[in-house]
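A.B. asks: Let me give you the structure first, and then I'll get to my questions.
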Amino acid sequence: MNSSNIYYPLSGLINAFTSIILGLFVLSKNRSNIKHITYALFCLSIAVWSSFYFAWLVTDVEGVALFCSRGFMAGAIFIPCFYLHHIVTLLNLNVVKRRLIRLIYGFSFIALLANLTPDFVTGLTPRLSFKFWPIPGIIFNIFLPTWGFIAVYGAYLILKSYNNSIGVEKNRLRYVLIGTIIGWSGGATNYFLWYGISVPPFLNILVSVYIGIVAYAIVRHQLMDIEVIIKRTLVFAGLLASTFAIIVLPTLIIQEYLVGRAGFVVRLAGLTISGIFIIFAMQRIKDFLANVTDKFLFQKKYDYKELLKTFTSEVLTVLDLNKLVKTTVDKLSQIIKLDSCGILLFDENKGDYRLVASQGIKEKNIIMTPENTLVSFLSKTKTSLSTKLLEKGTKTPERIKEDMERLKFDLAIPLITIQGEMPGILTLGKKKSDEDYTQDDMDILLPLARTLAIAISNAQMFVELGETQAEAAQKDKMAVIGTLSAGINHEICNPLGIARGHCEAFLLNMKDGLYKDKTSEELIEKAQVIMGKVIHETDRATGITKRLSSFSKPSKDVVSEDVNIKHEIAEVLALVSYQMRLNKIDIVQDIGEDVPSIRADKKQIQQIFFNLIRNSAQAITERGKLTIRAKRVDGKVFVEIEDTGHGIPEDKIEQIFNPFYTTKEPGKGTGLGLFIVRQVVERNGGKISVKSKVGEGTTFLLEFPAAVKAKA
């Protein structure tokens, strides 16, 4: 073998290596799928042909060369057979075609047996620079046209299916058709020399190109439902083959120039030593390249279960808008392993979409109006936009291309609420795994986007709620006052009725002459007593109306002042005590005189006590007791509101301060009461906690800093 012919055995080695690695990996992904099995067998037949092809070209022994030639022909015999079988299964053709496959299998096994006789390969002869080239026998002359027919027929089946297909399927088959033409054209150059035509097998390496193109179609367009592992294999195989070639080429050159004339034994010894060196070196190189491939070129495919679990437990429960969008971007980037990710939200005040959270996007102040081409497309279609859909030949507006470049996204998903509004846009960049976004991805991401849209709307609502909390709390308070009408009526009408009774009794007594014997001084004295009682009762009624007016009047501004805890609790109890007595609830107060004031907004403190006392009273369904305690401990004021109601289950107690959570019957509560209470308590520098036991009752604990008295 001349040095100029090193290319030919090397091409055989590369073909063998590429085909066997890809075939095994395809098979490992689905061992029961006939498409995978036939592809793996096809690759195996190429590997057998290429391996013996390599050995045949490097030997100087005629007997070994003849044996190797029969070996590579054994592989070549089954290449068209497995190829056509793979095409038939890939295209899901009918039974008639599969009967043809059985016929070709029978013919191949006959040819395999004939390959052992001189009627297939009669001997060897020099051709061009090749020392041993096979001489075709009678049976080979039958096999070769059959092989050509199968190759052409397989290409015809692909072309026919390609012409009848549309969309993604057409794109898939395009790669298979191109690969078939390239692969068979390259392999065909091996057979000119069999008949003395001086054309060397210079396109032999195109067989590997064919294997690569089909593998690319498998990866890029899910030709056989195999994912990025094949692409990883291609990269790894390419790196390893390149490294192997770098090592093997010097070895072959040394063999040719230094020991080429020393005879077969010396050449064999040299090849053995080189082989041992290559085996030990390649193991280390293989491990290194595997690590590089996995660590730097590819990332592990994400676990969709982890994504769903994370979104359910860590993202969608967040109420703070800024934290929600930031957590969403961080988790998506981390779990799916994205190069970039971003969220644009609609700003109602400014009427545009703004980038509020991002990762991997250099430009941070991106603003888009509703008239923006990308925004308009997503808003009107309410469908995602993928770069995969924007294939070559599709006219894409330049403005969308510019936005795609600025936001660095491969996929843009509109965030659509139940009402059909679009509060935001989610952009996802390229995956580090180098995968495209598949239908499986969309089946996960689209529902998550819809849920995220609702979560964002809720978070925005709570931002507004935080800004208008006083108004919301005031409406809630006024609604509660309506439910206390019976108690209020009693507290006002009872003293007025007593005053009226005293006046009417005096007038009737005068009319009936009961005071005839009374002197003017005695009548004046009697009238003064009655007037004193009337004044006392009207003062009682006036006090109630003042309390009610003060309690119901909304506070225009938050006023920080010294608030007397005992006094404010008494004011609230004056409104609710009658209703509680009707419900057979005893009220116990344990508030020391030394309890200091706190620095807070008086009306908001009233609101806190009113809500907590009302909730505690509502928790008592039968005769019970409500205890209110207040004490001072180390510069702080602690207030406890304890009831003997039904209690709260341990698994629910952490949720009672969440918005919209309520244990009341549908229509009996909004679930905003305790949420607002906590917000107001914290706004006034306090803390609130709860402890409860089912069947025994619940205690709310409030803690406020005591007011610091100014120095005289």
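If you're wondering about the labels, chains in the structure tokens are A, B, ... by order shown, residues count from 1 in each chain, ligands from 1 in order shown.
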Fewer than 6 positions away in the same chain doesn't count, so skip those; otherwise give me all residues within 7 Å of stretch 133-146 of chain A, counting only C-alpha atoms, as number ranges by chain.
C.D. replies: A: 69, 118-127, 194
A.B. asks: Pick the closest to A:Gly695 from A:Glu402, A:Glu363, A:Glu522, A:Glu650: which is it, counting only C-alpha atoms?
C.D. replies: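 For A:Gly695, the nearest of the given residues is A:Glu650.
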A.B. asks: Extract, using only C-alpha atoms, all DNA, RNA and protein residues at most 9 Å from A:Cys43, discarding same-chain residues fewer than 3 positions from it, and format them as a list in words.
C.D. replies: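 So, after excluding close chain neighbours, the residues are Ala16, Thr18, Ser19, Ile20, Ile21, Leu22, Gly23, Leu24, Thr38, Tyr39, Ala40, Ile46, Ala47, Val48, Ile79, Phe82, Tyr83 and Ile211 of chain A.
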A.B. asks: Given the selection you just returned, output its residues as a file containing N, CA and C atoms, formatted as a PDB file, in the first residue's frame.
C.D. replies:
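Full text of selection-v2.pdb as output:
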ATOM      1  N   ALA A  16     -16.618   2.612   9.763  1.00  0.00           N
ATOM      2  CA  ALA A  16     -16.930   1.553  10.727  1.00  0.00           C
ATOM      3  C   ALA A  16     -17.228   2.144  12.101  1.00  0.00           C
ATOM      4  N   THR A  18     -18.057   5.280  12.991  1.00  0.00           N
ATOM      5  CA  THR A  18     -19.252   6.130  13.028  1.00  0.00           C
ATOM      6  C   THR A  18     -20.534   5.305  13.017  1.00  0.00           C
ATOM      7  N   SER A  19     -20.607   4.329  12.121  1.00  0.00           N
ATOM      8  CA  SER A  19     -21.841   3.559  11.967  1.00  0.00           C
ATOM      9  C   SER A  19     -22.142   2.697  13.191  1.00  0.00           C
ATOM     10  N   ILE A  20     -21.136   2.062  13.759  1.00  0.00           N
ATOM     11  CA  ILE A  20     -21.411   1.176  14.892  1.00  0.00           C
ATOM     12  C   ILE A  20     -21.792   1.966  16.142  1.00  0.00           C
ATOM     13  N   ILE A  21     -21.149   3.119  16.354  1.00  0.00           N
ATOM     14  CA  ILE A  21     -21.493   3.934  17.525  1.00  0.00           C
ATOM     15  C   ILE A  21     -22.925   4.455  17.413  1.00  0.00           C
ATOM     16  N   LEU A  22     -23.261   5.017  16.254  1.00  0.00           N
ATOM     17  CA  LEU A  22     -24.610   5.564  16.076  1.00  0.00           C
ATOM     18  C   LEU A  22     -25.668   4.465  16.102  1.00  0.00           C
ATOM     19  N   GLY A  23     -25.365   3.334  15.494  1.00  0.00           N
ATOM     20  CA  GLY A  23     -26.322   2.239  15.484  1.00  0.00           C
ATOM     21  C   GLY A  23     -26.636   1.740  16.884  1.00  0.00           C
ATOM     22  N   LEU A  24     -25.604   1.581  17.713  1.00  0.00           N
ATOM     23  CA  LEU A  24     -25.819   1.095  19.083  1.00  0.00           C
ATOM     24  C   LEU A  24     -26.580   2.103  19.931  1.00  0.00           C
ATOM     25  N   THR A  38     -34.079  -1.760  12.742  1.00  0.00           N
ATOM     26  CA  THR A  38     -33.604  -1.834  11.357  1.00  0.00           C
ATOM     27  C   THR A  38     -32.496  -0.811  11.089  1.00  0.00           C
ATOM     28  N   TYR A  39     -32.586   0.358  11.724  1.00  0.00           N
ATOM     29  CA  TYR A  39     -31.513   1.343  11.553  1.00  0.00           C
ATOM     30  C   TYR A  39     -30.209   0.815  12.144  1.00  0.00           C
ATOM     31  N   ALA A  40     -30.316   0.189  13.330  1.00  0.00           N
ATOM     32  CA  ALA A  40     -29.121  -0.359  13.975  1.00  0.00           C
ATOM     33  C   ALA A  40     -28.519  -1.486  13.137  1.00  0.00           C
ATOM     34  N   ILE A  46     -22.939  -1.902   7.691  1.00  0.00           N
ATOM     35  CA  ILE A  46     -21.918  -0.970   7.196  1.00  0.00           C
ATOM     36  C   ILE A  46     -20.639  -1.112   8.010  1.00  0.00           C
ATOM     37  N   ALA A  47     -20.796  -1.310   9.342  1.00  0.00           N
ATOM     38  CA  ALA A  47     -19.622  -1.457  10.206  1.00  0.00           C
ATOM     39  C   ALA A  47     -18.833  -2.720   9.847  1.00  0.00           C
ATOM     40  N   VAL A  48     -19.546  -3.833   9.574  1.00  0.00           N
ATOM     41  CA  VAL A  48     -18.868  -5.080   9.173  1.00  0.00           C
ATOM     42  C   VAL A  48     -18.139  -4.868   7.850  1.00  0.00           C
ATOM     43  N   ILE A  79     -26.229  -4.763   3.451  1.00  0.00           N
ATOM     44  CA  ILE A  79     -26.471  -3.311   3.495  1.00  0.00           C
ATOM     45  C   ILE A  79     -27.759  -2.938   2.763  1.00  0.00           C
ATOM     46  N   PHE A  82     -30.982  -4.431   4.763  1.00  0.00           N
ATOM     47  CA  PHE A  82     -31.363  -3.690   5.973  1.00  0.00           C
ATOM     48  C   PHE A  82     -31.776  -2.256   5.638  1.00  0.00           C
ATOM     49  N   TYR A  83     -31.165  -1.694   4.595  1.00  0.00           N
ATOM     50  CA  TYR A  83     -31.512  -0.335   4.183  1.00  0.00           C
ATOM     51  C   TYR A  83     -32.978  -0.265   3.756  1.00  0.00           C
ATOM     52  N   ILE A 211     -24.642   8.519   7.056  1.00  0.00           N
ATOM     53  CA  ILE A 211     -24.999   8.158   8.437  1.00  0.00           C
ATOM     54  C   ILE A 211     -25.211   9.421   9.269  1.00  0.00           C
TER      55      ILE A 211
END
A.B. asks: Could you go through stretch 496-611 of chain A and tell me which residues DSSP, when run on the backbone, assigns to alpha helix (DSSP H), listing them as a PyMOL selection string?
C.D. replies: chain A and resi 496-511+520-552+565-582+602-611
